[in-house]
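Q: Input data.cif, format and content: mmCIF, C-alpha atoms.
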```cif
data_entry
#
loop_
_atom_site.label_atom_id
_atom_site.label_comp_id
_atom_site.auth_asym_id
_atom_site.auth_seq_id
_atom_site.Cartn_x
_atom_site.Cartn_y
_atom_site.Cartn_z
CA MET X 1 -19.38 -12.56 4.04
CA GLN X 2 -16.59 -11.14 1.92
CA THR X 3 -12.88 -11.79 2.23
CA HIS X 4 -10.77 -8.66 2.72
CA LEU X 5 -7.09 -7.82 2.92
CA ALA X 6 -6.00 -5.08 5.33
CA LEU X 7 -2.58 -3.55 4.69
CA LEU X 8 -1.03 -1.61 7.56
CA ARG X 9 1.68 0.97 7.02
CA GLY X 10 4.36 1.79 9.52
CA ILE X 11 4.34 -1.14 11.94
CA ASN X 12 7.26 -3.45 12.73
CA VAL X 13 9.60 -1.36 10.59
CA GLY X 14 13.07 -0.71 11.92
CA GLY X 15 12.07 -1.75 15.43
CA ARG X 16 9.42 0.96 15.69
CA ASN X 17 5.70 0.55 16.30
CA ARG X 18 6.10 -3.09 17.28
CA VAL X 19 2.87 -5.04 17.08
CA ALA X 20 2.56 -8.73 17.83
CA MET X 21 0.52 -10.44 15.15
CA ALA X 22 -1.47 -12.35 17.79
CA ASP X 23 -2.52 -9.01 19.30
CA LEU X 24 -3.39 -7.64 15.87
CA ARG X 25 -5.57 -10.68 15.14
CA LYS X 26 -7.40 -10.15 18.45
CA VAL X 27 -8.13 -6.53 17.56
CA VAL X 28 -9.54 -7.51 14.16
CA GLU X 29 -11.63 -10.27 15.75
CA SER X 30 -12.91 -7.82 18.39
CA LEU X 31 -14.60 -5.89 15.57
CA GLY X 32 -16.65 -8.97 14.71
CA HIS X 33 -14.58 -10.14 11.76
CA THR X 34 -13.93 -13.84 11.24
CA ASP X 35 -11.36 -16.11 9.61
CA VAL X 36 -8.65 -13.66 10.73
CA ALA X 37 -5.09 -14.51 9.67
CA THR X 38 -1.87 -12.50 9.57
CA TYR X 39 1.21 -12.95 7.42
CA ILE X 40 4.53 -13.04 9.28
CA GLN X 41 5.29 -9.67 10.94
CA SER X 42 4.07 -7.70 7.92
CA GLY X 43 0.92 -6.18 9.36
CA ASN X 44 -1.10 -7.67 6.52
CA VAL X 45 -4.35 -9.22 7.71
CA ILE X 46 -6.87 -11.37 5.85
CA PHE X 47 -10.34 -11.57 7.30
CA SER X 48 -14.00 -12.13 6.46
CA SER X 49 -16.67 -9.54 7.15
CA GLY X 50 -20.26 -8.77 6.29
CA VAL X 51 -19.22 -5.11 5.90
CA LYS X 52 -18.63 -4.23 2.25
CA ASN X 53 -17.44 -0.62 2.61
CA THR X 54 -13.64 -0.93 2.59
CA THR X 55 -13.11 2.69 3.61
CA ALA X 56 -15.26 2.19 6.71
CA LEU X 57 -13.41 -1.04 7.49
CA ALA X 58 -10.06 0.76 7.24
CA THR X 59 -11.22 3.60 9.48
CA ASP X 60 -12.58 1.17 12.08
CA LEU X 61 -9.34 -0.82 12.05
CA GLU X 62 -7.21 2.32 12.43
CA ARG X 63 -9.24 3.41 15.48
CA ALA X 64 -9.32 -0.03 17.09
CA ILE X 65 -5.58 -0.57 16.61
CA ALA X 66 -4.78 2.85 18.06
CA THR X 67 -7.02 2.22 21.07
CA ALA X 68 -5.93 -1.36 21.79
CA LEU X 69 -2.27 -1.31 20.75
CA GLY X 70 -1.23 2.33 21.03
CA VAL X 71 0.06 2.67 17.46
CA ARG X 72 -1.52 4.63 14.64
CA PRO X 73 -0.85 2.91 11.34
CA ARG X 74 -2.52 3.95 8.10
CA VAL X 75 -4.72 1.13 6.85
CA VAL X 76 -5.98 0.26 3.39
CA VAL X 77 -8.56 -2.49 3.04
CA LEU X 78 -9.12 -4.26 -0.26
CA ALA X 79 -11.93 -6.70 -0.97
CA ARG X 80 -10.83 -9.91 -2.65
CA ALA X 81 -12.49 -8.78 -5.90
CA GLU X 82 -10.65 -5.43 -5.79
CA LEU X 83 -7.32 -7.18 -5.29
CA ALA X 84 -8.12 -9.40 -8.28
CA LYS X 85 -8.80 -6.25 -10.35
CA VAL X 86 -5.48 -4.77 -9.24
CA MET X 87 -3.68 -7.89 -10.40
CA LYS X 88 -5.55 -7.95 -13.70
CA ALA X 89 -4.92 -4.22 -14.34
CA ASN X 90 -1.14 -4.62 -14.02
CA PRO X 91 0.25 -2.39 -16.79
CA TYR X 92 3.47 -4.45 -16.88
CA PRO X 93 2.16 -7.94 -17.74
CA ASP X 94 5.13 -8.74 -19.97
CA GLU X 95 7.66 -8.39 -17.14
CA PRO X 96 8.85 -11.97 -16.57
CA ASN X 97 10.22 -11.26 -13.08
CA PRO X 98 7.38 -10.45 -10.64
CA LYS X 99 9.91 -9.00 -8.16
CA LEU X 100 10.33 -6.04 -10.50
CA VAL X 101 6.67 -4.91 -10.39
CA HIS X 102 5.23 -3.36 -7.24
CA ALA X 103 1.74 -2.21 -6.32
CA ILE X 104 1.43 0.83 -4.09
CA PHE X 105 -2.03 1.24 -2.61
CA LEU X 106 -3.32 4.71 -1.91
CA THR X 107 -6.07 5.66 0.53
CA GLY X 108 -8.04 7.10 -2.40
CA LYS X 109 -7.77 7.99 -6.05
CA PRO X 110 -5.02 10.56 -6.63
CA THR X 111 -6.14 14.07 -7.47
CA ALA X 112 -5.03 15.84 -10.63
CA ALA X 113 -2.38 17.66 -8.60
CA GLN X 114 -1.10 14.39 -7.18
CA ARG X 115 -0.98 12.84 -10.65
CA SER X 116 1.05 15.84 -11.76
CA ASP X 117 3.40 15.27 -8.82
CA ILE X 118 3.84 11.64 -9.84
CA LYS X 119 4.74 12.70 -13.39
CA ALA X 120 7.24 15.22 -12.01
CA VAL X 121 8.86 12.57 -9.83
CA GLN X 122 9.09 10.19 -12.81
CA ALA X 123 10.70 12.95 -14.90
CA LYS X 124 13.20 13.63 -12.11
CA ALA X 125 14.07 9.92 -11.95
CA GLU X 126 14.54 9.83 -15.74
CA GLN X 127 16.86 12.85 -15.53
CA LEU X 128 18.92 10.88 -13.01
CA GLY X 129 19.21 7.98 -15.49
CA SER X 130 16.53 5.71 -14.08
CA ARG X 131 14.72 3.20 -16.29
CA ASP X 132 11.91 2.87 -13.73
CA THR X 133 8.33 3.74 -14.62
CA VAL X 134 5.14 4.32 -12.68
CA SER X 135 1.55 3.96 -13.84
CA VAL X 136 -1.61 4.98 -11.99
CA VAL X 137 -4.75 2.85 -12.20
CA ASP X 138 -7.61 3.85 -9.90
CA ARG X 139 -6.04 4.08 -6.42
CA THR X 140 -3.02 1.94 -7.21
CA LEU X 141 0.43 3.03 -8.36
CA TYR X 142 2.27 0.35 -10.28
CA LEU X 143 6.03 0.73 -10.07
CA HIS X 144 8.24 -1.11 -12.56
CA THR X 145 11.86 -1.35 -11.43
CA PRO X 146 13.83 -3.17 -14.17
CA ASP X 147 17.12 -2.67 -12.31
CA GLY X 148 15.68 -3.93 -9.01
CA TYR X 149 13.79 -2.23 -6.23
CA GLY X 150 16.92 -1.69 -4.14
CA ASN X 151 18.46 0.28 -7.00
CA SER X 152 15.31 2.20 -7.89
CA VAL X 153 15.71 5.96 -8.01
CA LEU X 154 11.97 6.33 -8.64
CA ALA X 155 11.07 4.18 -5.62
CA GLU X 156 13.43 6.26 -3.51
CA LEU X 157 11.85 9.50 -4.67
CA LEU X 158 8.32 8.21 -4.17
CA ALA X 159 8.79 6.43 -0.85
CA ARG X 160 10.95 9.08 0.74
CA GLY X 161 8.58 11.85 -0.27
CA LYS X 162 11.10 13.81 -2.27
CA ALA X 163 10.50 16.18 -5.16
CA ASN X 164 6.94 17.45 -5.64
CA ALA X 165 5.34 14.41 -3.99
CA GLU X 166 6.67 15.39 -0.56
CA VAL X 167 3.46 16.76 0.93
CA TRP X 168 0.95 14.20 -0.21
CA PHE X 169 3.14 11.19 0.52
CA ARG X 170 4.05 12.53 3.93
CA ASP X 171 0.39 13.13 4.83
CA GLY X 172 -0.32 9.40 4.67
CA SER X 173 -1.78 9.07 1.19
CA LEU X 174 0.82 6.44 0.34
CA VAL X 175 -0.07 3.41 2.38
CA SER X 176 1.38 0.04 1.47
CA TRP X 177 3.56 -1.88 -0.88
CA ILE X 178 3.20 -5.50 -1.88
#
```
Show how you would write the structure in this file as structure tokens.

A:
Amino acid sequence: MQTHLALLRGINVGGRNRVAMADLRKVVESLGHTDVATYIQSGNVIFSSGVKNTTALATDLERAIATALGVRPRVVVLARAELAKVMKANPYPDEPNPKLVHAIFLTGKPTAAQRSDIKAVQAKAEQLGSRDTVSVVDRTLYLHTPDGYGNSVLAELLARGKANAEVWFRDGSLVSWI
């Protein structure tokens, strides 16, 4: 049995797509997973499973949640070892304030075109005077926001799907932030 983290996008945000965590835990348990726990109203779920394919786990969770709860969140599942790699691969290890580094998990590795879009968005943010930077490692975007996330021009451009990233962020490729 492996421990996994499921990150759900688009639930319990701004009063939309409300999902009770007890109901979410029941859905995850109904798929045969064990040791299921949720974290506040975040939609993040930790569970154990004999299934190792995280893409298959995510797909199964998306379907089960849609069927049982009537909402269709995008889901990314990370095995404990993958999450450890993400933490180790942090390209901003010298940042003393962990609140200024964010990991954005994608459903898959970005294509060359998507990487180009990310560079274009970063250039646009720089033109607007932003000190923020973004780095891509595997299927994770690392966002460094030295002036704070709430003031981040780059985060705004990425999360709101502006500039060249509009299509691929809007289609669900961008899944979760932690």

Q: Can you translate the PyMOL selection byres ((chain X and resi 48-64) around 10) into the concrete residues it hits in this file, as an MDAnalysis selection string?

A: chainID X and resid 1:8 24 27:37 46:47 65:80 82 107:108

Q: Identify which of the residues X:Asp147, X:Asp138, X:Asp23, X:Glu156 lies closest to Ala89 of chain X, counting all atoms listed in the file when measuring atom-to-atom distances.

A: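 Comparing X:Asp147, X:Asp138, X:Asp23, X:Glu156 against Ala89 of chain X, the winner is X:Asp138.
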
Q: Run the PyMOL selection byres ((chain X and resi 153) around 9) against the file shown and list the residues it catches, as a ChimeraX atom specification.

A: /X:125-126,128-132,145,149-152,154-158

Q: Could you state the separation of atom CA of Leu106 of chain X and atom CA of Leu141 of chain X in Å, given to one decimal place?

A: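 For atom CA of Leu106 of chain X relative to atom CA of Leu141 of chain X, the distance reads 7.6 Å.
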
Q: Quick one: distance from atom CA of Ala81 of chain X to atom CA of Tyr39 of chain X in Å, one decimal?

A: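 Computing the Euclidean distance for atom CA of Ala81 of chain X and atom CA of Tyr39 of chain X yields 19.6 Å.
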
Q: Apply the PyMOL selection byres ((chain X and resi 144) around 8) to the displayed file and report the matching residues as an MDAnalysis selection string.

A: chainID X and resid 92 100:102 132:134 142:143 145:146

Q: So how many Å separate atom CA of Thr140 of chain X and atom CA of Ile104 of chain X, to one decimal?

A: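 Separation between atom CA of Thr140 of chain X and atom CA of Ile104 of chain X: 5.5 Å.
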